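**Student:** There's a structure below that I have some questions on.
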Amino acid sequence: MKALRKPVYFTCGDYTVSLGTGRKEFNPKKERPGLEHYIAEAGKGALAQIPDAAAIDEGVVGNFMAARFNRQGHLGAMLSLVHPSLEYKPSTRVEGACCSGGLSLASAIKSVLSEQSDVVLSLGLEVQNTVKAIYGADILAGAGHYAGERKNGHAYFFPAKFSDRAGAYKERYGAEKTWAAMGRWYEQAIVNARKNPKAQEFHNTTEDLFAAHQAMKPNGKTFCDHINFLDCSKVSDGGAAVLVVSQEGLAKIGKTKTDAVELVGLGHAVADLTAAPPDLAVLETTRRAAEQALKMAGITVDQVGVFETHDCFTITGILACEALGLAKRGEGADYVLAGHTRLDGKTPFNTGGGLVGYGHPTGASGVRMAVDLWKQLTGKAGNYQVRLDPKRPYGLLINMGGNDKTVVSAVFRKGLPGDN
Amino acid sequence: MDLDSRLTHVAVIGAAGKMGSGITLLMAQEMARLTLLPENKGKLFRLAAIDLDPEALRGLQDYVHSQAVKAAEKNAMSLRAAYADRKDLVENGEIIEDFVRRVDSMVWPSTDLSAAKGARIVFEAIVEKVPVKVAVFKQLRETCDPDAFFFTNTSSVPIGLLDKEVGLGGRIMGVHFYNPPPVQKLVETIRGATTRDDVAQTAAEIGKRLRKTLIPSADVAGFIGNGHFIRDGHHAIAEVEKLAAKHGWPSAVWMMNRVSQDWLLRPMGIFQLIDYVGVDVFQFIEGVMDHYLDEKLTNATINKMMELKAAGGQRPDGSQKAGFFEYERGKITGVYDPAKRVYLPLDPQGWTGAADKALGELPQPFRPWKALLSAPDKDAALALHFKALADQKTLGAELARAYHQCSREIGKGLVSRGVAAKPEDVNGVLTSGFYHLYGPINDYLAAGVSR
């Protein structure tokens, strides 16, 4: 895609609580809500913001592995659980590992651009707490190349993949600063999550988060060589929804451009799933997808005021700063250590907690990111609202699947009064 | 015969009991691990799990299965390495399932002692009664091959005596696991006068394989662990008898239990521990020790509790039965009053509160056992605790100092009588087997504290 053929807007976002360890109401021994609940709750959160659900033309459901976590396929046909008026409307389930939510957004965008729909309900969800973590690791490993990597892979497949990335980065650029930056990323994620009542780490009361992270030295005998448990995003149940609409669609749902954000750039790239990453210390696919999105938006990264990146592990947050061009190679850690990614920094990242703080209901994450950016750019982020520099009215998201294999990046612009 | 060959055929007698089931699980897991080694391909490994109670054997199979699943899940990383050559088993789930199937099928349950035929290693974990043990071992001597080794889990019966009574020619040794065996690190090893070197060597290797901490004890009834525990319990009972005159029996039991747990920073109070072990088991051990040692070690209070059927111990599902205390979900809810033969419910606003008040404040700053267990500053915190305790003038502190002193004397007595080779062994048993934060032989209150 070279340019957007017509304006596309995002509005009326919402997401559920990210349920899992850390939330007070979470009890692994008690029965919990399933897929049906999350698709309905997330969708209803979006629909509650418009006068008539009948305005929805279509649904897209992003989900990674319900077929294994929940023994359920065919999630597209759950759309009408959101509202009865959605019965008999088109709905598609899309999958791209942890980028499934990003693909839900991309698919909704394409539907609007193709003029098949004016109002698309983009959903994402995952319910992962149905199995213990050791079996969840098997399921999530499906985001890697089963035939090529699983047998020789770690019991905790993906943590080990990103531990290897952290190890490569440490070795090349210095273990001490890398480890400290990972600790600061963790601290920032939890600090932000404590301001977001729906975040999995909202109830976290650890006093010195950085010290807690630094004290937990990685141990390859019990987990991974270069990361600890705190470096990992959570095992989560959750759902997210947002409306992706055309200009006509905005009118149909009674919204103005200032209620919405305008999509101005989209990047979508995949790398060979069967091949090893070219450089463990670089997120090359992420870099390319973000580059595409910024190019389409016609802006540079310096014009972006707020970011949502895919910090499935703290090291990924650091690497994303480099992939985006905010820091040179090897200096992403310094960038984080300087505090630039904090809520009060010059480029706030993952303001509602991100994957480490809010949680990572895999198929929902891409949609949740769009919702958080929409909240920030429309002043609806509540306790974690950042004061946006008027000269940098853009938000950028990166949603990554697998080991930097499928990436969707999107750039949004705040709706300005003159737009209406 | 090397250990791996011996481990192809193992028997556990009393396999469905509390200790026997834990030993069965540990051995079945180790034997299942051996089946994965290339050199053992095609070899048959089996563990005869023998118990009189068929229903309990069925429960044993369920227990072994559920515990094997948990252990395999926890050890998935090392299991993946052990299964590296099995190209057909890829996911954690597949590997865990295969390993658990191996553990499950290792256990051959039987109610017949003759099922031990052919076993090269036999663990005995039956009731702590000498004549019963002797009778069983005599039958095993006839059933098993002449090169079989016998390991008894007795916590009190002298090994030399068993060998003499049964005639095993030194093929027996004490290998005393702590409850529950899969969790507790400590194993007390007891060589009788006749125990052969190769038997002792095999016991040591098994302990190492199971990653246990082995501490040797001399072959003196009660060994180190119960040598301390029984006398420690008797001290608490004697104190209760004194306190009861003023405070009443239930309050006195409550008070001494709290003093041992909170003032001495133990994982549980002494009477809760006796209930956990079982008042009945406590009485068996007393009986054995009393019989073989030149010391009166039976106790009227314990005998009375047994007469009144307040025997403690656990139900098959692991829940705690009533003894000195009554429990709900593992928490104390009432204290037994032998005079009225009822459990007096705890009453923080009433009698329990009054008993707590009589004990006085805890030494400050107070950090409970659990908080200190893995605290990096544990040693400094303990020193601080005992310094505060030494200076306190409350009844609680007075009782605690006397208790501490008594525990120390018991420990030193075990060394001076040669039961333990050195003070570190006594301390090791109490810290690794009883989860105390410190050993009884210490200098925390050494500066002449008296009551």
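Please note that chains go A, B, ... in the order of the structure tokens, that every chain numbers its residues from 1, and that ligands are numbered from 1 in the order shown.
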At a cut-off of 7 Å, which residues of chain A touch chain B? Count only C-alpha atoms and give the answer as a VMD selection string.
**Tutor:** chain A and resid 134 to 135 138 150 to 151 155
**Student:** Output C-alpha atoms of each residue in that selection to a file, as a PDB file, in the first residue's frame.
**Tutor:**
ATOM      1  CA  ILE A 134       4.383 -24.768  30.941  1.00  0.00           C
ATOM      2  CA  TYR A 135       1.670 -25.901  28.502  1.00  0.00           C
ATOM      3  CA  ASP A 138       3.835 -25.013  23.944  1.00  0.00           C
ATOM      4  CA  ARG A 150      10.475 -26.411  18.552  1.00  0.00           C
ATOM      5  CA  LYS A 151      12.252 -29.691  19.233  1.00  0.00           C
ATOM      6  CA  ALA A 155      10.660 -25.425  27.581  1.00  0.00           C
TER       7      ALA A 155
END
**Student:** May I have all residues of segment 195-245 of chain B that DSSP, computed from the backbone, assigns to strand (DSSP E or B), given as a VMD selection string?
**Tutor:** chain B and resid 213 to 217
**Student:** Would you write out those residues with N, CA and C atoms, as a PDB file, in the first residue's frame?
**Tutor:**
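Writing the result to part_36.pdb gives the following:
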ATOM      1  N   THR B 213      19.878 -34.290  51.606  1.00  0.00           N
ATOM      2  CA  THR B 213      20.970 -33.966  52.520  1.00  0.00           C
ATOM      3  C   THR B 213      21.076 -35.117  53.514  1.00  0.00           C
ATOM      4  N   LEU B 214      22.182 -35.831  53.477  1.00  0.00           N
ATOM      5  CA  LEU B 214      22.320 -36.990  54.365  1.00  0.00           C
ATOM      6  C   LEU B 214      23.082 -36.594  55.624  1.00  0.00           C
ATOM      7  N   ILE B 215      22.507 -36.921  56.769  1.00  0.00           N
ATOM      8  CA  ILE B 215      23.214 -36.683  58.029  1.00  0.00           C
ATOM      9  C   ILE B 215      23.263 -37.998  58.798  1.00  0.00           C
ATOM     10  N   PRO B 216      24.472 -38.452  59.151  1.00  0.00           N
ATOM     11  CA  PRO B 216      24.574 -39.736  59.849  1.00  0.00           C
ATOM     12  C   PRO B 216      24.212 -39.606  61.324  1.00  0.00           C
ATOM     13  N   SER B 217      23.544 -40.622  61.826  1.00  0.00           N
ATOM     14  CA  SER B 217      23.263 -40.683  63.261  1.00  0.00           C
ATOM     15  C   SER B 217      23.785 -42.019  63.772  1.00  0.00           C
TER      16      SER B 217
END
**Student:** Could you give me, as an MDAnalysis selection string, the residues within 8 Å of segment 67-72 of chain B, counting only C-alpha atoms and dropping anything in the same chain fewer than 6 positions from it?
**Tutor:** chainID B and resid 25 29 79 96:97 99:100 103
**Student:** Hey, what's within 9 Å of Arg6 of chain B if we count only C-alpha atoms and toss same-chain stuff fewer than 4 positions away? As a PyMOL selection string, please?
**Tutor:** chain B and resi 1-2+10+119-121+148-149
**Student:** Run DSSP on the backbone and grab whatever in segment 163-234 of chain B lands in alpha helix (DSSP H); send it over as a PyMOL selection string.
**Tutor:** chain B and resi 163-166+197-209+225-234
**Student:** May I have the residues within 10 Å of Pro197 of chain A as a list in words, using only C-alpha atoms and disregarding those fewer than 2 positions away in the same chain?
**Tutor:** Val17, Ser18, Ala193, Arg194, Lys195, Ala199, Gln200, Glu201, Phe202, His203, Gly352, Tyr358, Gly382 and Asn383 of chain A
**Student:** May I ask which of the residues A:Thr316, A:Thr206, A:Thr256, A:Ser365 is the closest one to Pro417 of chain A, counting only C-alpha atoms?
**Tutor:**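 Using only C-alpha atoms, Pro417 of chain A sits closest to A:Thr256.
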**Student:** Give the answer as one residue: which of A:Val306, A:Leu230, A:Ala323, A:Val367 has the shortest atom-to-atom distance to Tyr394 of chain A, using only C-alpha atoms?
**Tutor:**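 Ranking A:Val306, A:Leu230, A:Ala323, A:Val367 by distance to Tyr394 of chain A, first place goes to A:Val306.
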**Student:** May I ask which of the residues A:Asp419, A:Asp57, A:Asp52, A:Glu262 is the closest one to Val8 of chain A, counting only C-alpha atoms?
**Tutor:**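 Of A:Asp419, A:Asp57, A:Asp52, A:Glu262, the one nearest Val8 of chain A, counting only C-alpha atoms, is A:Glu262.
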**Student:** Taking 5 positions as the minimum chain separation for residues in the same chain, which residues sit within 12 Å of segment 412-420 of chain B when counting only C-alpha atoms? Answer as a PyMOL selection string.
**Tutor:** chain B and resi 156+158+188-191+215-229+231+293-294+405-407+425-429+439-442
**Student:** Need to verify the contact set: Gly395 of chain A, 7 Å, only C-alpha atoms, exclusion of same-chain residues closer than 3 positions in sequence. Can you return it as a VMD selection string?
**Tutor:** chain A and resid 304 to 307 373 411 to 413
**Student:** From the options A:Arg93, A:Lys30, A:Arg68, A:Lys257, which residue's atoms come nearest to Phe10 of chain A, counting only C-alpha atoms?
**Tutor:** A:Lys257
